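Enquirer: Handing over target.csv, CSV, C-alpha atoms (C1' of nucleotides).
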```csv
chain,number,residue,atom,x,y,z
A,1,MET,CA,0.0,0.0,0.0
A,2,PRO,CA,1.7,3.2,-1.1
A,3,VAL,CA,2.3,6.1,1.2
A,4,PRO,CA,-0.2,8.9,0.5
A,5,GLU,CA,1.5,11.2,-2.0
A,6,ALA,CA,2.1,14.8,-1.3
A,7,SER,CA,-0.5,16.8,-3.1
A,8,LEU,CA,0.3,17.4,-6.7
A,9,PRO,CA,-0.1,20.6,-8.6
A,10,THR,CA,-3.6,20.9,-10.1
A,11,PRO,CA,-2.4,20.9,-13.7
A,12,LEU,CA,-0.7,17.6,-13.1
A,13,LEU,CA,-3.8,16.2,-11.6
A,14,LEU,CA,-5.6,17.2,-14.8
A,15,PHE,CA,-3.0,15.8,-17.0
A,16,ILE,CA,-2.8,12.3,-15.5
A,17,PRO,CA,-6.4,11.2,-16.3
A,18,TYR,CA,-6.3,13.1,-19.6
A,19,ARG,CA,-3.3,11.1,-20.8
A,20,TYR,CA,-4.9,7.9,-19.6
A,21,ALA,CA,-8.1,8.7,-21.6
A,22,GLU,CA,-6.1,9.5,-24.7
A,23,ASN,CA,-4.0,6.4,-24.5
A,24,SER,CA,-6.9,4.1,-23.7
A,25,SER,CA,-9.1,5.5,-26.4
A,26,LEU,CA,-6.4,5.1,-29.0
A,27,GLN,CA,-5.8,1.5,-27.8
A,28,HIS,CA,-9.6,0.9,-28.1
A,29,LEU,CA,-9.5,2.1,-31.7
A,30,ALA,CA,-6.4,0.2,-32.6
A,31,ALA,CA,-8.0,-3.0,-31.3
A,32,ARG,CA,-10.9,-2.5,-33.6
A,33,GLY,CA,-8.8,-2.1,-36.7
A,34,PHE,CA,-8.1,1.6,-36.6
A,35,ASP,CA,-4.5,1.0,-35.9
A,36,ASP,CA,-3.0,3.6,-38.2
A,37,LEU,CA,-4.2,6.6,-36.4
A,38,THR,CA,-1.6,8.6,-34.6
A,39,LEU,CA,-2.3,10.9,-31.7
A,40,ALA,CA,-1.9,14.0,-33.7
A,41,GLN,CA,-4.2,12.7,-36.4
A,42,ALA,CA,-6.8,11.7,-33.9
A,43,ARG,CA,-6.8,15.2,-32.3
A,44,VAL,CA,-7.8,16.7,-35.6
A,45,PHE,CA,-10.1,13.9,-36.5
A,46,ALA,CA,-12.0,14.3,-33.2
A,47,ARG,CA,-12.9,17.9,-34.2
A,48,ILE,CA,-14.5,17.3,-37.6
A,49,ALA,CA,-18.1,18.4,-37.4
A,50,ASP,CA,-20.9,16.2,-38.7
A,51,GLU,CA,-21.6,18.6,-41.5
A,52,GLY,CA,-17.9,18.9,-42.3
A,53,SER,CA,-15.3,21.4,-41.2
A,54,ARG,CA,-13.0,23.8,-42.9
A,55,LEU,CA,-9.3,23.3,-42.5
A,56,THR,CA,-9.0,26.7,-40.8
A,57,GLU,CA,-11.6,25.7,-38.2
A,58,LEU,CA,-9.8,22.4,-37.5
A,59,ALA,CA,-6.5,24.2,-37.1
A,60,GLU,CA,-7.9,26.7,-34.7
A,61,SER,CA,-9.7,24.3,-32.5
A,62,ALA,CA,-6.9,21.8,-32.4
A,63,GLN,CA,-4.4,24.7,-31.8
A,64,VAL,CA,-2.1,24.0,-34.7
A,65,THR,CA,-1.2,26.0,-37.8
A,66,LYS,CA,-3.2,25.6,-41.0
A,67,GLN,CA,-0.2,23.9,-42.5
A,68,THR,CA,0.0,21.3,-39.8
A,69,ALA,CA,-3.7,20.7,-40.0
A,70,GLY,CA,-3.4,20.3,-43.8
A,71,TYR,CA,-0.7,17.8,-43.3
A,72,LEU,CA,-2.7,15.7,-40.9
A,73,VAL,CA,-5.8,15.8,-43.0
A,74,ASP,CA,-3.7,14.6,-45.9
A,75,GLN,CA,-2.9,11.6,-43.9
A,76,LEU,CA,-6.4,11.0,-42.7
A,77,GLU,CA,-7.5,11.2,-46.3
A,78,ALA,CA,-4.9,8.7,-47.3
A,79,GLY,CA,-6.1,6.4,-44.6
A,80,GLY,CA,-9.7,6.6,-45.9
A,81,TYR,CA,-11.0,8.4,-42.8
A,82,VAL,CA,-12.0,11.6,-44.4
A,83,GLU,CA,-12.6,13.2,-47.8
A,84,ARG,CA,-12.5,16.7,-49.0
A,85,ALA,CA,-15.3,18.4,-50.9
A,86,ALA,CA,-15.8,21.8,-52.3
A,87,ASP,CA,-17.6,24.2,-50.0
A,88,PRO,CA,-20.7,25.4,-51.9
A,89,SER,CA,-20.8,28.6,-49.9
A,90,ASP,CA,-17.2,29.7,-50.5
A,91,GLY,CA,-15.1,28.9,-53.5
A,92,ARG,CA,-11.8,29.3,-51.6
A,93,ALA,CA,-12.7,26.7,-49.0
A,94,ARG,CA,-13.0,23.0,-49.0
A,95,LEU,CA,-14.9,20.9,-46.4
A,96,VAL,CA,-13.3,18.1,-44.6
A,97,ARG,CA,-15.9,15.4,-44.0
A,98,LEU,CA,-15.9,11.9,-42.6
A,99,ALA,CA,-15.7,9.1,-45.1
A,100,THR,CA,-17.2,5.7,-44.4
A,101,ARG,CA,-14.2,4.4,-42.5
A,102,GLY,CA,-14.2,7.7,-40.6
A,103,GLU,CA,-17.8,7.2,-39.5
A,104,GLN,CA,-16.9,3.7,-38.2
A,105,ALA,CA,-13.9,5.1,-36.4
A,106,ARG,CA,-16.0,7.8,-34.8
A,107,ALA,CA,-18.5,5.3,-33.6
A,108,ALA,CA,-15.7,3.3,-32.0
A,109,ALA,CA,-14.3,6.4,-30.4
A,110,MET,CA,-17.7,7.2,-28.9
A,111,ASP,CA,-17.8,3.8,-27.6
A,112,ALA,CA,-14.4,4.2,-26.0
A,113,LEU,CA,-15.5,7.5,-24.4
A,114,HIS,CA,-18.6,5.9,-22.9
A,115,GLN,CA,-16.7,3.1,-21.6
A,116,LEU,CA,-14.2,5.4,-20.0
A,117,GLU,CA,-17.0,7.5,-18.5
A,118,ALA,CA,-18.6,4.5,-17.0
A,119,GLU,CA,-15.3,3.3,-15.5
A,120,TRP,CA,-14.7,6.7,-13.9
A,121,GLU,CA,-18.2,6.9,-12.6
A,122,ALA,CA,-17.9,3.5,-11.1
A,123,HIS,CA,-14.7,4.5,-9.3
A,124,LEU,CA,-15.8,7.9,-8.1
A,125,GLY,CA,-19.5,7.5,-7.8
A,126,PRO,CA,-21.9,9.7,-9.8
A,127,ARG,CA,-21.9,12.5,-7.2
A,128,ARG,CA,-18.2,13.1,-7.2
A,129,LEU,CA,-17.8,12.7,-11.0
A,130,LYS,CA,-20.4,15.3,-11.4
A,131,ALA,CA,-18.7,17.6,-9.0
A,132,VAL,CA,-15.5,17.3,-11.0
A,133,ARG,CA,-17.2,17.8,-14.3
A,134,ASP,CA,-19.1,20.8,-13.0
A,135,GLY,CA,-16.0,22.4,-11.6
A,136,LEU,CA,-14.1,21.8,-14.8
A,137,ALA,CA,-16.9,23.2,-16.9
A,138,ALA,CA,-16.8,26.4,-14.7
A,139,LEU,CA,-13.1,26.6,-15.2
A,140,ARG,CA,-13.6,26.7,-19.0
A,141,GLU,CA,-14.9,30.3,-18.4
A,142,ILE,CA,-11.4,31.4,-17.7
A,143,THR,CA,-9.3,28.8,-19.6
A,144,ASP,CA,-11.1,28.1,-22.8
A,145,PRO,CA,-9.9,30.4,-25.6
A,146,TYR,CA,-12.7,29.2,-27.9
A,147,LEU,CA,-15.6,29.6,-25.6
B,148,MET,CA,-23.8,35.8,-24.7
B,149,PRO,CA,-23.0,32.3,-26.0
B,150,VAL,CA,-25.6,29.6,-26.0
B,151,PRO,CA,-24.9,27.1,-23.2
B,152,GLU,CA,-22.7,24.4,-24.7
B,153,ALA,CA,-23.7,20.8,-24.8
B,154,SER,CA,-21.8,19.0,-22.2
B,155,LEU,CA,-18.3,18.0,-23.4
B,156,PRO,CA,-16.6,14.7,-22.9
B,157,THR,CA,-14.8,14.6,-19.6
B,158,PRO,CA,-11.4,14.1,-21.2
B,159,LEU,CA,-11.9,17.4,-23.1
B,160,LEU,CA,-12.9,19.1,-19.9
B,161,LEU,CA,-9.6,18.0,-18.4
B,162,PHE,CA,-7.6,19.0,-21.4
B,163,ILE,CA,-8.9,22.6,-21.7
B,164,PRO,CA,-7.6,23.9,-18.3
B,165,TYR,CA,-4.5,21.7,-18.6
B,166,ARG,CA,-3.5,23.3,-21.9
B,167,TYR,CA,-4.2,26.7,-20.4
B,168,ALA,CA,-2.0,26.0,-17.5
B,169,GLU,CA,0.8,24.8,-19.7
B,170,ASN,CA,0.6,27.8,-22.0
B,171,SER,CA,0.4,30.4,-19.2
B,172,SER,CA,3.2,28.9,-17.2
B,173,LEU,CA,5.5,28.8,-20.3
B,174,GLN,CA,4.6,32.5,-21.0
B,175,HIS,CA,5.3,33.4,-17.4
B,176,LEU,CA,8.7,31.8,-17.7
B,177,ALA,CA,9.4,33.4,-21.0
B,178,ALA,CA,8.5,36.8,-19.7
B,179,ARG,CA,11.2,36.3,-17.0
B,180,GLY,CA,14.0,35.5,-19.3
B,181,PHE,CA,13.6,31.8,-19.6
B,182,ASP,CA,12.4,32.1,-23.2
B,183,ASP,CA,14.4,29.3,-24.7
B,184,LEU,CA,12.5,26.5,-23.0
B,185,THR,CA,10.3,24.4,-25.2
B,186,LEU,CA,7.3,22.4,-24.0
B,187,ALA,CA,9.1,19.1,-24.3
B,188,GLN,CA,12.1,20.4,-22.4
B,189,ALA,CA,9.9,21.9,-19.7
B,190,ARG,CA,8.1,18.6,-19.2
B,191,VAL,CA,11.4,16.8,-18.4
B,192,PHE,CA,12.7,19.8,-16.4
B,193,ALA,CA,9.7,19.8,-14.2
B,194,ARG,CA,10.5,16.2,-13.1
B,195,ILE,CA,14.0,16.7,-11.9
B,196,ALA,CA,14.1,16.0,-8.2
B,197,ASP,CA,16.0,18.3,-5.8
B,198,GLU,CA,18.6,15.6,-5.2
B,199,GLY,CA,19.0,15.0,-8.9
B,200,SER,CA,17.4,12.4,-11.1
B,201,ARG,CA,18.6,9.7,-13.3
B,202,LEU,CA,17.9,9.8,-17.0
B,203,THR,CA,15.9,6.6,-16.8
B,204,GLU,CA,13.7,8.0,-14.0
B,205,LEU,CA,13.0,11.1,-16.0
B,206,ALA,CA,12.2,9.2,-19.1
B,207,GLU,CA,9.7,7.0,-17.2
B,208,SER,CA,7.9,9.7,-15.4
B,209,ALA,CA,7.8,12.0,-18.5
B,210,GLN,CA,6.6,9.0,-20.6
B,211,VAL,CA,9.3,9.2,-23.2
B,212,THR,CA,12.1,6.9,-24.2
B,213,LYS,CA,15.5,7.1,-22.6
B,214,GLN,CA,16.8,8.4,-25.9
B,215,THR,CA,14.3,11.2,-26.0
B,216,ALA,CA,15.0,12.2,-22.4
B,217,GLY,CA,18.7,12.2,-23.2
B,218,TYR,CA,18.2,14.5,-26.1
B,219,LEU,CA,16.1,16.9,-24.1
B,220,VAL,CA,18.5,16.9,-21.2
B,221,ASP,CA,21.3,17.7,-23.7
B,222,GLN,CA,19.4,20.8,-24.6
B,223,LEU,CA,18.7,21.8,-21.0
B,224,GLU,CA,22.3,21.3,-20.3
B,225,ALA,CA,23.3,23.5,-23.2
B,226,GLY,CA,20.9,26.2,-22.0
B,227,GLY,CA,22.5,26.2,-18.6
B,228,TYR,CA,19.5,24.8,-16.8
B,229,VAL,CA,20.9,21.5,-15.6
B,230,GLU,CA,24.2,19.7,-15.2
B,231,ARG,CA,25.2,16.1,-15.1
B,232,ALA,CA,27.2,14.5,-12.4
B,233,ALA,CA,28.4,11.0,-11.7
B,234,ASP,CA,26.1,9.0,-9.4
B,235,PRO,CA,28.2,7.9,-6.4
B,236,SER,CA,26.0,4.9,-5.8
B,237,ASP,CA,26.1,3.5,-9.3
B,238,GLY,CA,28.9,3.8,-11.8
B,239,ARG,CA,26.7,3.4,-14.8
B,240,ALA,CA,24.4,6.2,-13.8
B,241,ARG,CA,24.7,9.9,-13.9
B,242,LEU,CA,22.6,12.3,-12.0
B,243,VAL,CA,20.8,15.2,-13.7
B,244,ARG,CA,20.7,18.1,-11.3
B,245,LEU,CA,19.5,21.7,-11.5
B,246,ALA,CA,22.2,24.2,-12.3
B,247,THR,CA,22.0,27.8,-11.1
B,248,ARG,CA,19.8,29.0,-13.9
B,249,GLY,CA,17.7,25.9,-13.4
B,250,GLU,CA,17.1,26.9,-9.8
B,251,GLN,CA,16.0,30.3,-10.9
B,252,ALA,CA,13.7,28.9,-13.6
B,253,ARG,CA,12.2,26.4,-11.1
B,254,ALA,CA,11.4,29.3,-8.7
B,255,ALA,CA,9.7,31.2,-11.5
B,256,ALA,CA,7.7,28.1,-12.4
B,257,MET,CA,6.6,27.6,-8.8
B,258,ASP,CA,5.5,31.2,-8.9
B,259,ALA,CA,3.5,30.6,-12.0
B,260,LEU,CA,1.8,27.6,-10.5
B,261,HIS,CA,0.8,29.5,-7.4
B,262,GLN,CA,-0.5,32.3,-9.4
B,263,LEU,CA,-2.6,29.9,-11.5
B,264,GLU,CA,-3.9,28.1,-8.4
B,265,ALA,CA,-4.9,31.4,-6.9
B,266,GLU,CA,-6.7,32.4,-10.1
B,267,TRP,CA,-8.6,29.2,-10.3
B,268,GLU,CA,-9.5,29.4,-6.6
B,269,ALA,CA,-10.8,32.9,-7.0
B,270,HIS,CA,-13.0,31.7,-9.9
B,271,LEU,CA,-14.3,28.5,-8.4
B,272,GLY,CA,-14.1,29.2,-4.7
B,273,PRO,CA,-12.0,27.1,-2.4
B,274,ARG,CA,-14.8,24.5,-1.9
B,275,ARG,CA,-15.3,23.7,-5.5
B,276,LEU,CA,-11.6,23.7,-6.3
B,277,LYS,CA,-11.1,21.3,-3.5
B,278,ALA,CA,-13.9,19.1,-4.8
B,279,VAL,CA,-12.2,19.0,-8.2
B,280,ARG,CA,-8.8,18.3,-6.8
B,281,ASP,CA,-10.1,15.5,-4.6
B,282,GLY,CA,-12.0,13.9,-7.4
B,283,LEU,CA,-8.9,14.0,-9.6
B,284,ALA,CA,-6.7,12.7,-6.9
B,285,ALA,CA,-9.1,9.7,-6.5
B,286,LEU,CA,-9.0,9.2,-10.3
B,287,ARG,CA,-5.3,8.8,-10.1
B,288,GLU,CA,-5.9,5.4,-8.5
B,289,ILE,CA,-7.1,4.0,-11.8
B,290,THR,CA,-5.3,6.3,-14.2
B,291,ASP,CA,-1.8,6.9,-12.9
B,292,PRO,CA,0.6,4.3,-14.2
B,293,TYR,CA,3.3,5.5,-11.8
B,294,LEU,CA,1.4,5.5,-8.6
C,295,DT,C1',-13.6,48.4,-58.6
C,296,DC,C1',-9.8,47.7,-56.0
C,297,DA,C1',-7.6,46.9,-51.4
C,298,DA,C1',-7.8,44.1,-47.6
C,299,DA,C1',-9.1,39.9,-45.5
C,300,DT,C1',-9.6,34.9,-45.7
C,301,DA,C1',-8.9,29.8,-47.3
C,302,DG,C1',-5.6,27.1,-48.5
C,303,DT,C1',-1.0,25.3,-50.5
C,304,DC,C1',4.1,24.8,-51.2
C,305,DA,C1',8.8,24.7,-49.6
C,306,DG,C1',12.1,24.3,-46.1
C,307,DA,C1',13.7,23.8,-41.6
C,308,DA,C1',13.5,22.8,-36.7
C,309,DC,C1',12.0,19.9,-33.1
C,310,DT,C1',10.4,15.7,-31.0
C,311,DT,C1',10.1,11.1,-30.8
C,312,DC,C1',10.8,6.4,-32.0
C,313,DT,C1',13.4,1.7,-33.1
C,314,DG,C1',17.4,-0.9,-33.1
C,315,DA,C1',22.1,-1.7,-31.9
C,316,DC,C1',25.5,-1.2,-28.7
C,317,DC,C1',28.8,-0.5,-24.5
C,318,DA,C1',29.6,-0.3,-19.4
C,319,DT,C1',28.3,-1.4,-14.9
C,320,DC,C1',25.8,-3.7,-11.4
C,321,DT,C1',23.3,-7.9,-9.4
C,322,DT,C1',22.3,-12.6,-8.8
C,323,DG,C1',22.5,-17.6,-8.7
C,324,DT,C1',25.5,-21.2,-8.5
D,325,DA,C1',34.3,-16.1,-7.9
D,326,DC,C1',32.1,-15.7,-12.1
D,327,DA,C1',29.1,-16.1,-15.9
D,328,DA,C1',24.3,-14.5,-17.2
D,329,DG,C1',21.1,-11.4,-17.1
D,330,DA,C1',19.4,-6.8,-15.8
D,331,DT,C1',20.0,-1.9,-15.8
D,332,DG,C1',21.9,2.9,-17.1
D,333,DG,C1',23.0,5.2,-20.8
D,334,DT,C1',24.6,6.4,-25.7
D,335,DC,C1',24.9,6.4,-30.9
D,336,DA,C1',22.9,6.2,-35.5
D,337,DG,C1',19.1,6.6,-38.4
D,338,DA,C1',14.5,7.5,-39.6
D,339,DA,C1',9.7,8.9,-39.1
D,340,DG,C1',6.4,12.1,-37.5
D,341,DT,C1',5.0,16.7,-36.0
D,342,DT,C1',5.1,21.4,-36.1
D,343,DC,C1',6.7,25.8,-37.3
D,344,DT,C1',7.9,30.3,-40.4
D,345,DG,C1',7.6,32.4,-44.6
D,346,DA,C1',6.0,33.0,-49.2
D,347,DC,C1',2.5,32.4,-52.4
D,348,DT,C1',-2.2,31.7,-55.1
D,349,DA,C1',-7.2,32.0,-55.4
D,350,DT,C1',-11.4,33.8,-53.8
D,351,DT,C1',-14.4,36.8,-51.2
D,352,DT,C1',-15.8,41.0,-48.9
D,353,DG,C1',-16.3,45.8,-48.1
D,354,DA,C1',-15.4,50.8,-48.7
```
Can the structure in the file be given as structure tokens, please?

Expert:
Amino acid sequence: MPVPEASLPTPLLLFIPYRYAENSSLQHLAARGFDDLTLAQARVFARIADEGSRLTELAESAQVTKQTAGYLVDQLEAGGYVERAADPSDGRARLVRLATRGEQARAAAMDALHQLEAEWEAHLGPRRLKAVRDGLAALREITDPYL
Amino acid sequence: MPVPEASLPTPLLLFIPYRYAENSSLQHLAARGFDDLTLAQARVFARIADEGSRLTELAESAQVTKQTAGYLVDQLEAGGYVERAADPSDGRARLVRLATRGEQARAAAMDALHQLEAEWEAHLGPRRLKAVRDGLAALREITDPYL
DNA sequence: TCAAATAGTCAGAACTTCTGACCATCTTGT
DNA sequence: ACAAGATGGTCAGAAGTTCTGACTATTTGA
């Protein structure tokens, strides 16, 4: 039984479960055949809206440059996860949309998230999980640049 | 006034304030003259114990390979943040220790953390912040590979 | 209509991270 | 004592990620 740890800085307390969630979701996906997704690709992939998203939107919300987002979308496209289509409302823009394989991967990712949520709720209890989520949601007001 | 957002996945709720903390700490450091630290370097730097740490320890706790940790420590050493010394208790090992500039940077980093903690406490109130921290600490039991 | 803003790409470089191979030192079982 | 394996660390090479800067095409607004 480990000695109770000295209290860690809050950012580290945030990071530990976040990293766990990222790793376990990626493993979940890999186990279901989506084993060619890297973390960076997944971060962009996760932000594609159902109606499709513009590259610039993806870049902003994933906090990378347009160039980086373009590079990652190229790879997602090569992997059959997404496709690009012209944006009817703006001739400069193109919409990045989920392709068939992307839809399947998204479903698997949702599944992983639900599983994770259930695991955490089982460990903390619904009351404490809600307290954490509510507190974090309130923190967004001062920490979320895209609110 | 934005429409209330649909509830986000818990991992994203964790990530948003974490990223904010990382960015604002790095800015805090840069503003005080430690402007040559990259994120990757800082992640290793943050894990150096007062008595010094072995490369392998740093690699494990930062979740990178020994090679990567070695590369980053090389850069920290070149920047004057750390120095390597022989480990008296093991001839194979060398201890990575803070150098003078590293001590100063660490003090500035602590300062940034305290400031952040105070900011968050002011926004949430001590009670809610504690509820979040307690919940996250409990989550470590199932998410921290190094517990 | 023309200047500015926006969407996106291309090119090149820097940074981060990995795998695999390797050497030196320590630890353990016999 | 000593060989075998474990551990600490490095070197070499490659892949992946991300950036800055420059550029084209299209849209928007005065």

Enquirer: I'd like the neighbourhood of Arg133 in chain A as a ChimeraX atom specification, where a residue qualifies if any of its atoms comes within 8 Å (using all atoms listed in the file), though same-chain residues fewer than 4 positions away should be ignored.

Expert: /A:129,137 /B:157,160,279

Enquirer: How far is it from C1' of DG323 in chain C to CA of Thr203 in chain B, in Å with one decimal?

Expert: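 Taking C1' of DG323 in chain C and CA of Thr203 in chain B, their separation equals 26.4 Å.
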
Enquirer: Counting all atoms listed in the file, figure out which residue out of A:Phe15, A:Tyr81, A:Tyr71, A:Phe34 gets nearest to chain D.

Expert: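 Among the listed residues, A:Tyr71 lies closest to chain D.
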
Enquirer: Once you count all atoms listed in the file, which residues of chain B turn out to be within 6 Å of chain A? Could you give them as a count of residues only?

Expert: 9

Enquirer: What is the distance, in Å and to one decimal place, between CA of Ala206 in chain B and CA of Val229 in chain B?

Expert: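 About the pair CA of Ala206 in chain B and CA of Val229 in chain B: they are 15.5 Å apart.
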
Enquirer: Any idea which chain A residues end up within 12 Å of chain C if we count only C-alpha atoms (C1' of nucleotides), as an NGL selection string please?

Expert: :A and (54-57 or 59 or 65-71 or 74 or 86-87 or 90-95)

Enquirer: Could you work out how far CA of Ala259 in chain B lies from CA of Ala225 in chain B, giving the answer in Å with one decimal?

Expert: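 Atom-to-atom, CA of Ala225 in chain B and CA of Ala259 in chain B are spaced 23.8 Å apart.
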
Enquirer: Pull out every residue of chain D sitting within 12 Å of chain B, counting all atoms listed in the file, and send them as a PDB file with C-alpha atoms (C1' of nucleotides), keeping the file's coordinate frame.

Expert:
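Written output follows (result_12.pdb):
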```
ATOM      1  C1'  DT D 331      20.000  -1.900 -15.800  1.00  0.00           C
ATOM      2  C1'  DG D 332      21.900   2.900 -17.100  1.00  0.00           C
ATOM      3  C1'  DG D 333      23.000   5.200 -20.800  1.00  0.00           C
ATOM      4  C1'  DT D 334      24.600   6.400 -25.700  1.00  0.00           C
ATOM      5  C1'  DC D 335      24.900   6.400 -30.900  1.00  0.00           C
ATOM      6  C1'  DA D 336      22.900   6.200 -35.500  1.00  0.00           C
TER       7       DA D 336
END
```

Enquirer: Can you pull out the residues contacting Thr100 in chain A? Cut-off 10 Å, using only C-alpha atoms (C1' of nucleotides), and skip same-chain residues under 2 positions away; I want them as a list of chain:residue names.

Expert: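 These residues fall inside the cut-off: A:Gly80, A:Tyr81, A:Val82, A:Glu83, A:Arg97, A:Leu98, A:Gly102, A:Glu103, A:Gln104, A:Ala105, A:Arg106.
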
Enquirer: Keeping only C-alpha atoms, write the selected residues to a file as an mmCIF file, keeping the file's coordinate frame.

Expert:
```cif
data_model
loop_
_atom_site.group_PDB
_atom_site.id
_atom_site.type_symbol
_atom_site.label_atom_id
_atom_site.label_comp_id
_atom_site.auth_asym_id
_atom_site.auth_seq_id
_atom_site.Cartn_x
_atom_site.Cartn_y
_atom_site.Cartn_z
ATOM 1 C CA GLY A 80 -9.700 6.600 -45.900
ATOM 2 C CA TYR A 81 -11.000 8.400 -42.800
ATOM 3 C CA VAL A 82 -12.000 11.600 -44.400
ATOM 4 C CA GLU A 83 -12.600 13.200 -47.800
ATOM 5 C CA ARG A 97 -15.900 15.400 -44.000
ATOM 6 C CA LEU A 98 -15.900 11.900 -42.600
ATOM 7 C CA GLY A 102 -14.200 7.700 -40.600
ATOM 8 C CA GLU A 103 -17.800 7.200 -39.500
ATOM 9 C CA GLN A 104 -16.900 3.700 -38.200
ATOM 10 C CA ALA A 105 -13.900 5.100 -36.400
ATOM 11 C CA ARG A 106 -16.000 7.800 -34.800
#
```

Enquirer: Which is closest to Pro235 in chain B among B:Gly199, B:Leu173, B:Gln210, B:Val220, if we use only C-alpha atoms?

Expert: B:Gly199
